[in-house]
file input23.tsv (TSV, C-alpha atoms)
chain	number	residue	atom	x	y	z
A	1	MET	CA	74.01	67.76	101.45
A	2	ARG	CA	73.39	70.89	99.46
A	3	ARG	CA	75.76	72.74	101.70
A	4	LEU	CA	78.42	70.08	101.24
A	5	CYS	CA	77.99	70.32	97.49
A	6	ALA	CA	78.41	74.09	97.70
A	7	VAL	CA	81.61	73.68	99.71
A	8	LEU	CA	82.95	71.14	97.23
A	9	LEU	CA	82.04	73.40	94.34
A	10	LEU	CA	83.84	76.28	96.03
A	11	LEU	CA	86.90	74.11	96.53
A	12	VAL	CA	86.87	73.19	92.86
A	13	VAL	CA	86.57	76.84	91.92
A	14	VAL	CA	89.46	77.79	94.22
A	15	ALA	CA	91.60	74.95	92.92
A	16	SER	CA	90.98	75.78	89.28
A	17	THR	CA	91.43	79.52	89.53
A	18	VAL	CA	94.48	80.64	87.63
A	19	ALA	CA	95.69	83.44	89.83
A	20	ALA	CA	96.92	86.66	88.38
A	21	GLU	CA	100.32	87.95	89.36
A	22	ILE	CA	100.43	89.70	92.73
A	23	ALA	CA	100.32	93.46	92.34
A	24	PRO	CA	103.54	95.20	93.48
A	25	ALA	CA	101.73	96.98	96.31
A	26	ASP	CA	100.41	93.66	97.66
A	27	ARG	CA	103.74	91.89	97.74
A	28	ARG	CA	104.83	90.62	101.15
A	29	SER	CA	108.08	88.89	101.96
A	30	GLY	CA	108.25	86.07	104.47
A	31	TYR	CA	109.62	88.63	106.92
A	32	ASP	CA	106.48	90.77	106.59
A	33	ILE	CA	104.13	87.95	107.54
A	34	MET	CA	106.09	86.25	110.30
A	35	GLY	CA	105.70	86.88	114.01
A	36	ARG	CA	107.33	89.48	116.21
A	37	GLU	CA	109.66	87.04	117.96
A	38	LEU	CA	111.05	85.64	114.73
A	39	ARG	CA	111.58	89.12	113.33
A	40	ALA	CA	113.50	90.08	116.45
A	41	MET	CA	115.59	86.91	116.06
A	42	GLN	CA	116.42	87.77	112.46
A	43	ASP	CA	117.19	91.42	113.13
A	44	ASP	CA	119.60	90.80	116.00
A	45	ASP	CA	122.93	89.66	114.58
A	46	THR	CA	123.79	87.92	117.83
A	47	ALA	CA	120.50	85.99	117.89
A	48	ASN	CA	120.27	85.14	114.19
A	49	PRO	CA	121.80	81.67	113.79
A	50	GLY	CA	122.48	82.42	110.13
A	51	MET	CA	125.27	84.68	111.34
A	52	LEU	CA	127.22	81.59	112.44
A	53	TRP	CA	127.51	80.67	108.75
A	54	VAL	CA	128.24	84.25	107.76
A	55	LEU	CA	131.14	84.38	110.22
A	56	GLU	CA	132.48	81.10	108.90
A	57	GLY	CA	132.09	82.45	105.37
A	58	ALA	CA	134.17	85.49	106.30
A	59	THR	CA	136.97	83.14	107.38
A	60	LEU	CA	136.71	81.02	104.23
A	61	TRP	CA	136.69	84.16	102.08
A	62	LYS	CA	140.24	84.95	103.18
A	63	ARG	CA	141.57	81.39	103.21
A	64	GLY	CA	143.49	80.10	100.21
A	65	ALA	CA	142.14	76.96	98.57
A	66	GLY	CA	143.02	74.49	95.84
A	67	THR	CA	146.27	74.01	93.93
A	68	ALA	CA	146.24	77.70	92.98
A	69	GLY	CA	146.33	78.48	96.71
A	70	ARG	CA	144.23	81.53	96.02
A	71	ALA	CA	141.56	82.94	98.31
A	72	CYS	CA	138.34	84.62	97.21
A	73	ALA	CA	139.72	87.85	98.67
A	74	ASP	CA	142.81	87.71	96.42
A	75	CYS	CA	140.66	88.46	93.36
A	76	HIS	CA	137.55	90.06	94.81
A	77	GLY	CA	139.08	92.03	97.68
A	78	GLU	CA	136.99	92.87	100.68
A	79	ALA	CA	133.57	91.28	100.37
A	80	THR	CA	131.90	94.19	102.14
A	81	THR	CA	132.61	96.35	99.09
A	82	GLY	CA	133.33	93.87	96.29
A	83	MET	CA	130.31	91.66	96.90
A	84	LYS	CA	127.85	94.41	97.74
A	85	GLY	CA	124.61	93.81	95.84
A	86	VAL	CA	125.99	90.79	93.98
A	87	ALA	CA	123.59	88.21	95.44
A	88	ALA	CA	120.64	90.45	94.54
A	89	HIS	CA	121.55	89.93	90.85
A	90	TYR	CA	121.62	86.15	90.87
A	91	PRO	CA	120.90	83.87	89.01
A	92	ALA	CA	123.04	85.64	86.40
A	93	PHE	CA	124.10	84.72	82.88
A	94	ASP	CA	127.31	82.74	82.52
A	95	ALA	CA	128.94	83.16	79.13
A	96	ALA	CA	130.77	79.83	79.26
A	97	LYS	CA	127.69	77.79	80.12
A	98	GLN	CA	125.42	79.93	77.92
A	99	ARG	CA	122.75	79.90	80.63
A	100	PRO	CA	122.03	81.48	84.01
A	101	VAL	CA	123.83	80.08	87.04
A	102	SER	CA	122.85	80.35	90.68
A	103	LEU	CA	125.06	82.01	93.29
A	104	GLU	CA	126.12	78.59	94.60
A	105	GLN	CA	127.08	77.49	91.09
A	106	ARG	CA	129.00	80.73	90.56
A	107	ILE	CA	131.01	80.08	93.73
A	108	ASN	CA	131.81	76.58	92.53
A	109	ILE	CA	132.77	77.78	89.04
A	110	CYS	CA	135.22	80.15	90.74
A	111	ARG	CA	136.52	77.33	92.91
A	112	VAL	CA	137.12	74.96	90.02
A	113	ASP	CA	138.43	77.45	87.45
A	114	ARG	CA	140.30	80.00	89.54
A	115	GLN	CA	141.24	78.22	92.75
A	116	GLN	CA	141.61	74.82	91.07
A	117	ALA	CA	139.88	73.25	94.02
A	118	PRO	CA	137.16	70.58	93.95
A	119	ALA	CA	133.62	71.94	93.78
A	120	LEU	CA	131.85	72.10	97.13
A	121	PRO	CA	128.83	69.80	97.45
A	122	TYR	CA	125.42	71.48	97.51
A	123	GLU	CA	124.18	72.21	101.05
A	124	SER	CA	127.66	71.56	102.48
A	125	ARG	CA	128.60	73.79	105.36
A	126	GLU	CA	131.33	75.54	103.40
A	127	LEU	CA	129.16	76.34	100.38
A	128	LEU	CA	126.34	77.62	102.61
A	129	ALA	CA	128.85	79.67	104.59
A	130	LEU	CA	130.30	81.31	101.48
A	131	SER	CA	126.93	81.97	99.88
A	132	ALA	CA	125.55	83.32	103.17
A	133	TYR	CA	128.56	85.61	103.50
A	134	VAL	CA	128.12	86.90	99.96
A	135	ALA	CA	124.34	87.24	100.33
A	136	ARG	CA	124.80	89.14	103.60
A	137	GLN	CA	126.53	91.91	101.65
A	138	SER	CA	123.27	92.53	99.77
A	139	ARG	CA	121.14	92.96	102.85
A	140	GLY	CA	118.85	95.95	102.50
A	141	LEU	CA	119.38	96.22	98.73
A	142	PRO	CA	116.63	95.63	96.15
A	143	ILE	CA	116.50	92.39	94.18
A	144	ALA	CA	117.48	93.15	90.59
A	145	VAL	CA	118.11	90.23	88.24
A	146	THR	CA	119.21	91.31	84.77
A	147	ILE	CA	116.82	90.18	82.07
A	148	ASP	CA	118.04	90.62	78.51
A	149	ASP	CA	117.59	88.68	75.28
A	150	ARG	CA	119.91	85.94	76.46
A	151	MET	CA	118.08	85.54	79.79
A	152	GLN	CA	114.53	85.83	78.49
A	153	PRO	CA	114.13	82.18	77.36
A	154	PHE	CA	115.27	80.95	80.80
A	155	LEU	CA	112.91	83.33	82.56
A	156	ASP	CA	110.08	82.02	80.37
A	157	ALA	CA	111.11	78.45	81.18
A	158	GLY	CA	111.06	79.29	84.89
A	159	ARG	CA	107.65	80.83	84.59
A	160	ALA	CA	106.40	77.74	82.77
A	161	ILE	CA	107.61	75.52	85.62
A	162	TYR	CA	105.98	77.86	88.15
A	163	GLU	CA	102.65	77.71	86.33
A	164	ARG	CA	102.71	74.01	85.46
A	165	ARG	CA	100.72	71.59	87.57
A	166	GLN	CA	103.03	68.95	88.96
A	167	GLY	CA	103.10	65.87	91.14
A	168	GLN	CA	100.43	63.54	92.46
A	169	LEU	CA	98.61	66.49	94.03
A	170	ASN	CA	98.57	68.14	90.61
A	171	LEU	CA	99.36	71.58	91.97
A	172	ALA	CA	101.12	74.51	90.36
A	173	CYS	CA	103.23	76.84	92.52
A	174	GLY	CA	100.85	79.73	91.85
A	175	GLN	CA	97.82	77.89	93.20
A	176	CYS	CA	99.23	78.29	96.69
A	177	HIS	CA	101.54	81.27	96.39
A	178	ASP	CA	99.51	83.55	94.12
A	179	ALA	CA	95.92	82.45	94.71
A	180	ASN	CA	95.95	81.52	98.39
A	181	TRP	CA	98.77	83.39	100.06
A	182	GLY	CA	97.99	84.62	103.55
A	183	ARG	CA	95.66	81.68	104.22
A	184	GLN	CA	96.52	78.71	106.36
A	185	LEU	CA	97.93	75.42	105.18
A	186	ALA	CA	97.54	73.31	108.31
A	187	GLY	CA	99.17	75.50	110.99
A	188	SER	CA	101.29	77.61	108.68
A	189	VAL	CA	100.55	80.77	106.77
A	190	ILE	CA	101.06	80.36	103.02
A	191	PRO	CA	103.70	82.89	101.96
A	192	GLN	CA	103.98	84.56	98.57
A	193	ALA	CA	107.24	82.75	97.87
A	194	HIS	CA	109.56	85.69	97.42
A	195	PRO	CA	113.15	84.48	97.86
A	196	THR	CA	114.42	87.59	99.64
A	197	GLY	CA	116.52	85.98	102.35
A	198	TYR	CA	118.32	82.94	100.97
A	199	PRO	CA	120.32	81.17	102.16
A	200	LEU	CA	118.19	81.30	105.28
A	201	TYR	CA	117.96	79.64	108.66
A	202	ARG	CA	114.79	77.64	108.85
A	203	LEU	CA	113.72	76.54	112.31
A	204	GLU	CA	112.25	73.40	110.80
A	205	TRP	CA	115.62	72.48	109.30
A	206	GLN	CA	117.55	73.61	112.38
A	207	SER	CA	120.09	74.74	109.85
A	208	LEU	CA	120.84	77.14	107.06
A	209	GLY	CA	119.58	76.04	103.66
A	210	SER	CA	119.58	77.24	100.06
A	211	LEU	CA	116.62	78.27	97.94
A	212	GLN	CA	117.00	75.04	96.00
A	213	ARG	CA	116.56	73.06	99.19
A	214	ARG	CA	113.34	74.96	99.83
A	215	LEU	CA	112.12	74.40	96.26
A	216	ARG	CA	112.86	70.69	96.54
A	217	GLY	CA	110.89	70.64	99.78
A	218	CYS	CA	107.91	72.22	98.03
A	219	LEU	CA	108.13	69.74	95.16
A	220	PHE	CA	108.26	66.89	97.65
A	221	GLY	CA	105.22	68.41	99.35
A	222	ILE	CA	103.13	68.30	96.19
A	223	ARG	CA	104.45	64.77	95.63
A	224	ALA	CA	106.39	65.59	92.53
A	225	GLU	CA	109.83	64.18	91.93
A	226	PRO	CA	112.24	66.94	93.02
A	227	TYR	CA	114.83	68.12	90.51
A	228	ASP	CA	118.42	67.47	91.51
A	229	TYR	CA	120.45	70.23	93.14
A	230	GLY	CA	121.85	72.46	90.43
A	231	ALA	CA	119.39	71.16	87.83
A	232	PRO	CA	118.67	73.72	85.07
A	233	GLU	CA	114.96	73.60	85.95
A	234	LEU	CA	115.67	74.69	89.53
A	235	VAL	CA	117.89	77.54	88.37
A	236	ASP	CA	115.23	78.70	85.89
A	237	LEU	CA	112.63	78.58	88.64
A	238	GLU	CA	115.00	80.49	90.94
A	239	LEU	CA	115.41	83.09	88.20
A	240	TYR	CA	111.66	83.45	87.76
A	241	LEU	CA	111.11	83.80	91.52
A	242	MET	CA	113.83	86.45	91.80
A	243	TRP	CA	112.36	88.33	88.84
A	244	ARG	CA	108.92	88.04	90.43
A	245	ALA	CA	110.38	89.57	93.62
A	246	ARG	CA	112.26	92.31	91.73
A	247	GLY	CA	112.63	95.46	93.77
A	248	MET	CA	111.97	93.73	97.08
A	249	THR	CA	114.55	94.15	99.82
A	250	MET	CA	117.11	91.41	100.46
A	251	ASP	CA	117.25	90.25	104.09
A	252	ALA	CA	119.76	87.39	103.93
A	253	PRO	CA	120.53	85.45	106.04
A	254	ALA	CA	116.88	85.41	107.02
A	255	VAL	CA	115.17	83.37	109.72
A	256	ARG	CA	111.96	81.58	108.80
A	257	PRO	CA	109.71	79.13	110.64
B	258	MET	CA	135.87	78.69	112.75
B	259	ALA	CA	133.82	81.16	114.67
B	260	SER	CA	131.48	78.82	116.41
B	261	ALA	CA	129.97	81.06	119.06
B	262	LEU	CA	128.38	84.49	119.10
B	263	ILE	CA	128.37	86.44	122.37
B	264	ASN	CA	126.56	89.66	123.13
B	265	VAL	CA	127.63	91.34	126.37
B	266	PRO	CA	127.14	95.10	126.82
B	267	PRO	CA	130.67	96.59	126.80
B	268	LYS	CA	129.79	99.12	129.52
B	269	ALA	CA	127.38	99.05	132.44
B	270	LYS	CA	126.63	100.96	135.63
B	271	ARG	CA	127.43	99.29	138.93
B	272	GLY	CA	124.45	97.30	140.14
B	273	GLU	CA	122.76	97.35	136.75
B	274	ILE	CA	121.11	94.18	135.49
B	275	ILE	CA	122.70	93.25	132.18
B	276	GLU	CA	121.41	90.85	129.56
B	277	ILE	CA	123.82	88.37	128.05
B	278	LYS	CA	123.07	86.51	124.83
B	279	THR	CA	124.99	83.51	123.59
B	280	LEU	CA	124.59	81.49	120.43
B	281	ILE	CA	126.70	78.46	119.61
B	282	SER	CA	126.98	76.31	116.53
B	283	HIS	CA	126.16	72.69	117.37
B	284	VAL	CA	124.08	69.94	115.73
B	285	MET	CA	122.50	68.72	119.02
B	286	GLU	CA	121.93	65.25	117.60
B	287	THR	CA	119.40	63.62	119.93
B	288	GLY	CA	120.52	60.00	119.71
B	289	PHE	CA	116.94	58.97	118.98
B	290	ARG	CA	117.15	59.22	115.21
B	291	HIS	CA	118.01	56.45	112.79
B	292	THR	CA	119.62	56.43	109.37
B	293	GLN	CA	117.68	55.11	106.39
B	294	LEU	CA	119.40	51.77	106.98
B	295	GLY	CA	118.17	51.62	110.57
B	296	ALA	CA	121.41	52.36	112.37
B	297	VAL	CA	121.09	54.66	115.37
B	298	ILE	CA	122.73	58.05	114.93
B	299	PRO	CA	124.74	58.40	118.14
B	300	ARG	CA	123.87	61.16	120.52
B	301	ASN	CA	125.98	64.29	120.17
B	302	ILE	CA	124.78	67.14	122.34
B	303	ILE	CA	126.13	69.91	124.51
B	304	ARG	CA	125.67	68.77	128.10
B	305	ARG	CA	126.56	71.84	130.08
B	306	PHE	CA	126.91	75.58	129.72
B	307	VAL	CA	128.66	77.63	132.40
B	308	CYS	CA	129.25	81.35	132.64
B	309	THR	CA	131.76	82.76	135.10
B	310	TYR	CA	132.20	86.43	135.98
B	311	ASN	CA	135.76	87.12	137.14
B	312	GLY	CA	136.01	83.48	138.16
B	313	THR	CA	132.70	83.33	140.01
B	314	GLU	CA	129.99	81.18	138.49
B	315	VAL	CA	126.93	83.28	137.72
B	316	PHE	CA	124.94	81.01	135.42
B	317	ARG	CA	124.88	77.32	134.62
B	318	ALA	CA	122.58	75.21	132.47
B	319	ASP	CA	122.33	71.50	131.79
B	320	LEU	CA	121.25	70.73	128.27
B	321	TYR	CA	119.27	67.71	127.14
B	322	PRO	CA	118.41	66.07	123.80
B	323	ALA	CA	115.22	68.12	123.37
B	324	ILE	CA	117.18	71.35	123.00
B	325	SER	CA	117.33	72.58	119.40
B	326	ALA	CA	120.43	72.74	117.24
B	327	ASN	CA	122.57	75.88	117.67
B	328	PRO	CA	121.38	76.60	121.23
B	329	PHE	CA	120.63	80.24	121.97
B	330	ILE	CA	120.91	80.98	125.69
B	331	VAL	CA	119.95	84.36	127.13
B	332	PHE	CA	120.30	85.20	130.80
B	333	SER	CA	120.97	88.18	133.01
B	334	THR	CA	123.35	89.03	135.80
B	335	VAL	CA	124.19	92.04	137.93
B	336	ALA	CA	127.16	94.13	136.83
B	337	THR	CA	129.31	94.24	139.95
B	338	GLU	CA	132.84	95.01	138.76
B	339	SER	CA	134.90	95.44	135.62
B	340	GLY	CA	136.40	92.25	134.31
B	341	THR	CA	135.85	89.26	132.12
B	342	LEU	CA	132.87	87.03	131.56
B	343	SER	CA	133.89	83.63	130.31
B	344	PHE	CA	131.59	81.10	128.75
B	345	GLN	CA	132.16	77.39	128.44
B	346	TRP	CA	130.14	74.80	126.59
B	347	THR	CA	131.01	71.15	127.12
B	348	GLY	CA	129.39	68.07	125.68
B	349	ASP	CA	129.58	64.67	124.05
B	350	ASN	CA	132.64	63.51	122.08
B	351	GLY	CA	134.90	65.80	124.08
B	352	PHE	CA	133.17	68.94	122.78
B	353	SER	CA	134.50	72.00	124.56
B	354	VAL	CA	134.38	75.63	123.51
B	355	THR	CA	135.46	78.58	125.63
B	356	GLU	CA	134.79	82.19	124.80
B	357	SER	CA	135.12	85.36	126.81
B	358	ALA	CA	133.99	88.97	126.75
B	359	ASP	CA	135.13	92.01	128.67
B	360	ILE	CA	132.89	94.42	130.51
B	361	THR	CA	133.64	97.82	132.02
B	362	VAL	CA	131.60	98.75	135.08
B	363	GLU	CA	131.48	102.39	136.11
call {"tool": "encode", "arguments": {"input": "input23.tsv", "output": "structure tokens"}}
result
Amino acid sequence: MRRLCAVLLLLVVVASTVAAEIAPADRRSGYDIMGRELRAMQDDDTANPGMLWVLEGATLWKRGAGTAGRACADCHGEATTGMKGVAAHYPAFDAAKQRPVSLEQRINICRVDRQQAPALPYESRELLALSAYVARQSRGLPIAVTIDDRMQPFLDAGRAIYERRQGQLNLACGQCHDANWGRQLAGSVIPQAHPTGYPLYRLEWQSLGSLQRRLRGCLFGIRAEPYDYGAPELVDLELYLMWRARGMTMDAPAVRP
Amino acid sequence: MASALINVPPKAKRGEIIEIKTLISHVMETGFRHTQLGAVIPRNIIRRFVCTYNGTEVFRADLYPAISANPFIVFSTVATESGTLSFQWTGDNGFSVTESADITVE
């Protein structure tokens, strides 16, 4: 009985600990903690299923769309040079919206305003293909979101969401990803939640998916009501996570269990 | 749309065992799942994969509903002569994709 009490007490202590930020030297991406086979799958461009989307994205990049009949390449040129490092800077500030937008939103803004084509639905094959193709051009580059006076309030909002307890399980993101990373949650290792490889191919999804899909999955897991795709809260959270992973190497399109 | 990725070594020595990797984009819907309204989602899978080397079949696989989406098939064969390896995936709803890769054997 005493022992049980001690265990319960320990659990309470663990659950109530407000974890400090992970020191830069201790940061690990999902790639660093996953197994040898999965790493090999990610590193080999002919074994990484994310490359199927990247190849499709390369086709879409050159294809004209909308009433303007303009292709991405007509303005941006070759993605291998023009889009190099771009995904590592997102979410970025959009002057028209007066707030940060995610890479997916940026692509859709371009589609609507420049190509005069209908916006692509979130998680549609085309939008994933384009964002994967753009993100692929940042592979190996450090994550570097720009934080200035305009971005600061949104970063703070993202941090607040990250630190706020949510859902029926009353958990904050940091309670798993800062305080208990590296330990097991059922059969899986708890990662530090650094979004280095999005959009990524998740074996569980059997598909490519965006960071927002992952965040919604986490929210569902703690039994909170997930924010809608493209919701400002999700973009703020994305911004905070990217800032938290600043300097880490992009590995999109990644493969994760 | 590029729906398949093939990795065949471009050059090989005669008699060498070469590894061939193929990855194809496919949902591999099992036919066992239901929509939220209870309707069965019809099965949509690749049924067969065949690889021929200068017209001779060197590898064949039958695929079943338990195979994951975007099947990744790796196999090996002996490099006998220069020529073309062709790959064919066929499945439900008239699915058929053919790809090929050239190899030089010295």
call {"tool": "residues_around", "arguments": {"input": "input23.tsv", "residues": "Val134 of chain A", "least_positions_apart": "5", "cutoff": "12 Å", "atoms": "only C-alpha atoms", "output": "PDB file with C-alpha atoms, keeping the file's coordinate frame"}}
result
ATOM      1  CA  MET A  51     125.270  84.680 111.340  1.00  0.00           C
ATOM      2  CA  TRP A  53     127.510  80.670 108.750  1.00  0.00           C
ATOM      3  CA  VAL A  54     128.240  84.250 107.760  1.00  0.00           C
ATOM      4  CA  LEU A  55     131.140  84.380 110.220  1.00  0.00           C
ATOM      5  CA  GLU A  56     132.480  81.100 108.900  1.00  0.00           C
ATOM      6  CA  GLY A  57     132.090  82.450 105.370  1.00  0.00           C
ATOM      7  CA  ALA A  58     134.170  85.490 106.300  1.00  0.00           C
ATOM      8  CA  LEU A  60     136.710  81.020 104.230  1.00  0.00           C
ATOM      9  CA  TRP A  61     136.690  84.160 102.080  1.00  0.00           C
ATOM     10  CA  CYS A  72     138.340  84.620  97.210  1.00  0.00           C
ATOM     11  CA  ALA A  73     139.720  87.850  98.670  1.00  0.00           C
ATOM     12  CA  HIS A  76     137.550  90.060  94.810  1.00  0.00           C
ATOM     13  CA  GLU A  78     136.990  92.870 100.680  1.00  0.00           C
ATOM     14  CA  ALA A  79     133.570  91.280 100.370  1.00  0.00           C
ATOM     15  CA  THR A  80     131.900  94.190 102.140  1.00  0.00           C
ATOM     16  CA  THR A  81     132.610  96.350  99.090  1.00  0.00           C
ATOM     17  CA  GLY A  82     133.330  93.870  96.290  1.00  0.00           C
ATOM     18  CA  MET A  83     130.310  91.660  96.900  1.00  0.00           C
ATOM     19  CA  LYS A  84     127.850  94.410  97.740  1.00  0.00           C
ATOM     20  CA  GLY A  85     124.610  93.810  95.840  1.00  0.00           C
ATOM     21  CA  VAL A  86     125.990  90.790  93.980  1.00  0.00           C
ATOM     22  CA  ALA A  87     123.590  88.210  95.440  1.00  0.00           C
ATOM     23  CA  ALA A  88     120.640  90.450  94.540  1.00  0.00           C
ATOM     24  CA  HIS A  89     121.550  89.930  90.850  1.00  0.00           C
ATOM     25  CA  TYR A  90     121.620  86.150  90.870  1.00  0.00           C
ATOM     26  CA  LEU A 103     125.060  82.010  93.290  1.00  0.00           C
ATOM     27  CA  GLU A 104     126.120  78.590  94.600  1.00  0.00           C
ATOM     28  CA  ARG A 106     129.000  80.730  90.560  1.00  0.00           C
ATOM     29  CA  ILE A 107     131.010  80.080  93.730  1.00  0.00           C
ATOM     30  CA  LEU A 127     129.160  76.340 100.380  1.00  0.00           C
ATOM     31  CA  LEU A 128     126.340  77.620 102.610  1.00  0.00           C
ATOM     32  CA  ALA A 129     128.850  79.670 104.590  1.00  0.00           C
ATOM     33  CA  ARG A 139     121.140  92.960 102.850  1.00  0.00           C
ATOM     34  CA  GLY A 197     116.520  85.980 102.350  1.00  0.00           C
ATOM     35  CA  TYR A 198     118.320  82.940 100.970  1.00  0.00           C
ATOM     36  CA  PRO A 199     120.320  81.170 102.160  1.00  0.00           C
ATOM     37  CA  MET A 250     117.110  91.410 100.460  1.00  0.00           C
ATOM     38  CA  ALA A 252     119.760  87.390 103.930  1.00  0.00           C
ATOM     39  CA  PRO A 253     120.530  85.450 106.040  1.00  0.00           C
TER      40      PRO A 253
END
call {"tool": "residues_around", "arguments": {"input": "input23.tsv", "residues": "segment 259-272 of chain B", "least_positions_apart": "3", "cutoff": "10 Å", "atoms": "only C-alpha atoms", "output": "PyMOL selection string"}}
result
(chain A and resi 45-49+51-59) or (chain B and resi 275-283+327-331+333-339+342+344+346+354-363)
call {"tool": "closest_residue", "arguments": {"input": "input23.tsv", "among": "B:Leu320, B:Ile274, B:Val307, B:Met285", "to": "chain A", "atoms": "only C-alpha atoms"}}
result
B:Met285
call {"tool": "residues_around", "arguments": {"input": "input23.tsv", "residues": "Gly288 of chain B", "least_positions_apart": "2", "cutoff": "9 Å", "atoms": "all atoms listed in the file", "output": "short mmCIF file (atom, residue, chain, number, x, y, z; two decimals) with C-alpha atoms, in the frame of the given file"}}
result
data_model
loop_
_atom_site.label_atom_id
_atom_site.label_comp_id
_atom_site.auth_asym_id
_atom_site.auth_seq_id
_atom_site.Cartn_x
_atom_site.Cartn_y
_atom_site.Cartn_z
CA MET B 285 122.50 68.72 119.02
CA GLU B 286 121.93 65.25 117.60
CA ARG B 290 117.15 59.22 115.21
CA HIS B 291 118.01 56.45 112.79
CA VAL B 297 121.09 54.66 115.37
CA ILE B 298 122.73 58.05 114.93
CA PRO B 299 124.74 58.40 118.14
CA ARG B 300 123.87 61.16 120.52
CA ASN B 301 125.98 64.29 120.17
CA ILE B 302 124.78 67.14 122.34
CA PRO B 322 118.41 66.07 123.80
#
call {"tool": "residues_around", "arguments": {"input": "input23.tsv", "residues": "His194 of chain A", "least_positions_apart": "2", "cutoff": "8 Å", "atoms": "all atoms listed in the file", "output": "JSON, numbers by chain"}}
result
{"A": [28, 29, 30, 191, 192, 196, 241, 242, 244, 245]}
call {"tool": "atom_distance", "arguments": {"input": "input23.tsv", "atom1": "atom CA of Phe352 of chain B", "atom2": "atom CA of Asp44 of chain A"}}
result
26.6 Å
call {"tool": "atom_distance", "arguments": {"input": "input23.tsv", "atom1": "atom CA of Ala326 of chain B", "atom2": "atom CA of Leu219 of chain A"}}
result
25.5 Å
call {"tool": "closest_residue", "arguments": {"input": "input23.tsv", "among": "A:Gly158, A:Gly50, A:Gly167, A:Gly66", "to": "chain B", "atoms": "all atoms listed in the file"}}
result
A:Gly50
call {"tool": "atom_distance", "arguments": {"input": "input23.tsv", "atom1": "atom CA of Pro232 of chain A", "atom2": "atom CA of Phe220 of chain A"}}
result
17.7 Å
call {"tool": "decode", "arguments": {"input": "input23.tsv", "residues": "segment 283-287 of chain B", "atoms": "all heavy atoms", "output": "PDB file, in the first residue's frame"}}
result
ATOM      1  N   HIS B 283      -0.251   3.660 -54.581  1.00  0.00           N
ATOM      2  CA  HIS B 283      -1.553   2.997 -54.640  1.00  0.00           C
ATOM      3  C   HIS B 283      -2.168   2.981 -53.253  1.00  0.00           C
ATOM      4  O   HIS B 283      -1.471   2.756 -52.269  1.00  0.00           O
ATOM      5  CB  HIS B 283      -1.399   1.556 -55.156  1.00  0.00           C
ATOM      6  CG  HIS B 283      -2.693   0.965 -55.649  1.00  0.00           C
ATOM      7  ND1 HIS B 283      -3.657   0.513 -54.791  1.00  0.00           N
ATOM      8  CD2 HIS B 283      -3.182   0.779 -56.895  1.00  0.00           C
ATOM      9  CE1 HIS B 283      -4.688   0.067 -55.504  1.00  0.00           C
ATOM     10  NE2 HIS B 283      -4.426   0.219 -56.783  1.00  0.00           N
ATOM     11  N   VAL B 284      -3.494   3.170 -53.170  1.00  0.00           N
ATOM     12  CA  VAL B 284      -4.138   3.231 -51.840  1.00  0.00           C
ATOM     13  C   VAL B 284      -4.239   1.870 -51.162  1.00  0.00           C
ATOM     14  O   VAL B 284      -4.287   1.784 -49.938  1.00  0.00           O
ATOM     15  CB  VAL B 284      -5.549   3.850 -51.899  1.00  0.00           C
ATOM     16  CG1 VAL B 284      -5.464   5.321 -52.237  1.00  0.00           C
ATOM     17  CG2 VAL B 284      -6.440   3.115 -52.871  1.00  0.00           C
ATOM     18  N   MET B 285      -4.307   0.774 -51.938  1.00  0.00           N
ATOM     19  CA  MET B 285      -4.455  -0.577 -51.385  1.00  0.00           C
ATOM     20  C   MET B 285      -5.614  -0.633 -50.377  1.00  0.00           C
ATOM     21  O   MET B 285      -5.465  -1.029 -49.223  1.00  0.00           O
ATOM     22  CB  MET B 285      -3.157  -1.059 -50.738  1.00  0.00           C
ATOM     23  CG  MET B 285      -2.015  -1.249 -51.707  1.00  0.00           C
ATOM     24  SD  MET B 285      -2.292  -2.512 -52.958  1.00  0.00           S
ATOM     25  CE  MET B 285      -1.914  -4.016 -52.066  1.00  0.00           C
ATOM     26  N   GLU B 286      -6.769  -0.209 -50.846  1.00  0.00           N
ATOM     27  CA  GLU B 286      -7.970  -0.236 -49.993  1.00  0.00           C
ATOM     28  C   GLU B 286      -8.404  -1.696 -49.810  1.00  0.00           C
ATOM     29  O   GLU B 286      -8.632  -2.402 -50.772  1.00  0.00           O
ATOM     30  CB  GLU B 286      -9.073   0.593 -50.668  1.00  0.00           C
ATOM     31  CG  GLU B 286     -10.327   0.764 -49.862  1.00  0.00           C
ATOM     32  CD  GLU B 286     -10.092   1.430 -48.521  1.00  0.00           C
ATOM     33  OE1 GLU B 286      -9.536   2.534 -48.493  1.00  0.00           O
ATOM     34  OE2 GLU B 286     -10.437   0.810 -47.499  1.00  0.00           O
ATOM     35  N   THR B 287      -8.520  -2.122 -48.547  1.00  0.00           N
ATOM     36  CA  THR B 287      -8.691  -3.552 -48.271  1.00  0.00           C
ATOM     37  C   THR B 287     -10.035  -4.120 -48.670  1.00  0.00           C
ATOM     38  O   THR B 287     -10.167  -5.307 -48.944  1.00  0.00           O
ATOM     39  CB  THR B 287      -8.519  -3.828 -46.775  1.00  0.00           C
ATOM     40  OG1 THR B 287      -9.535  -3.110 -46.066  1.00  0.00           O
ATOM     41  CG2 THR B 287      -7.154  -3.411 -46.283  1.00  0.00           C
TER      42      THR B 287
END
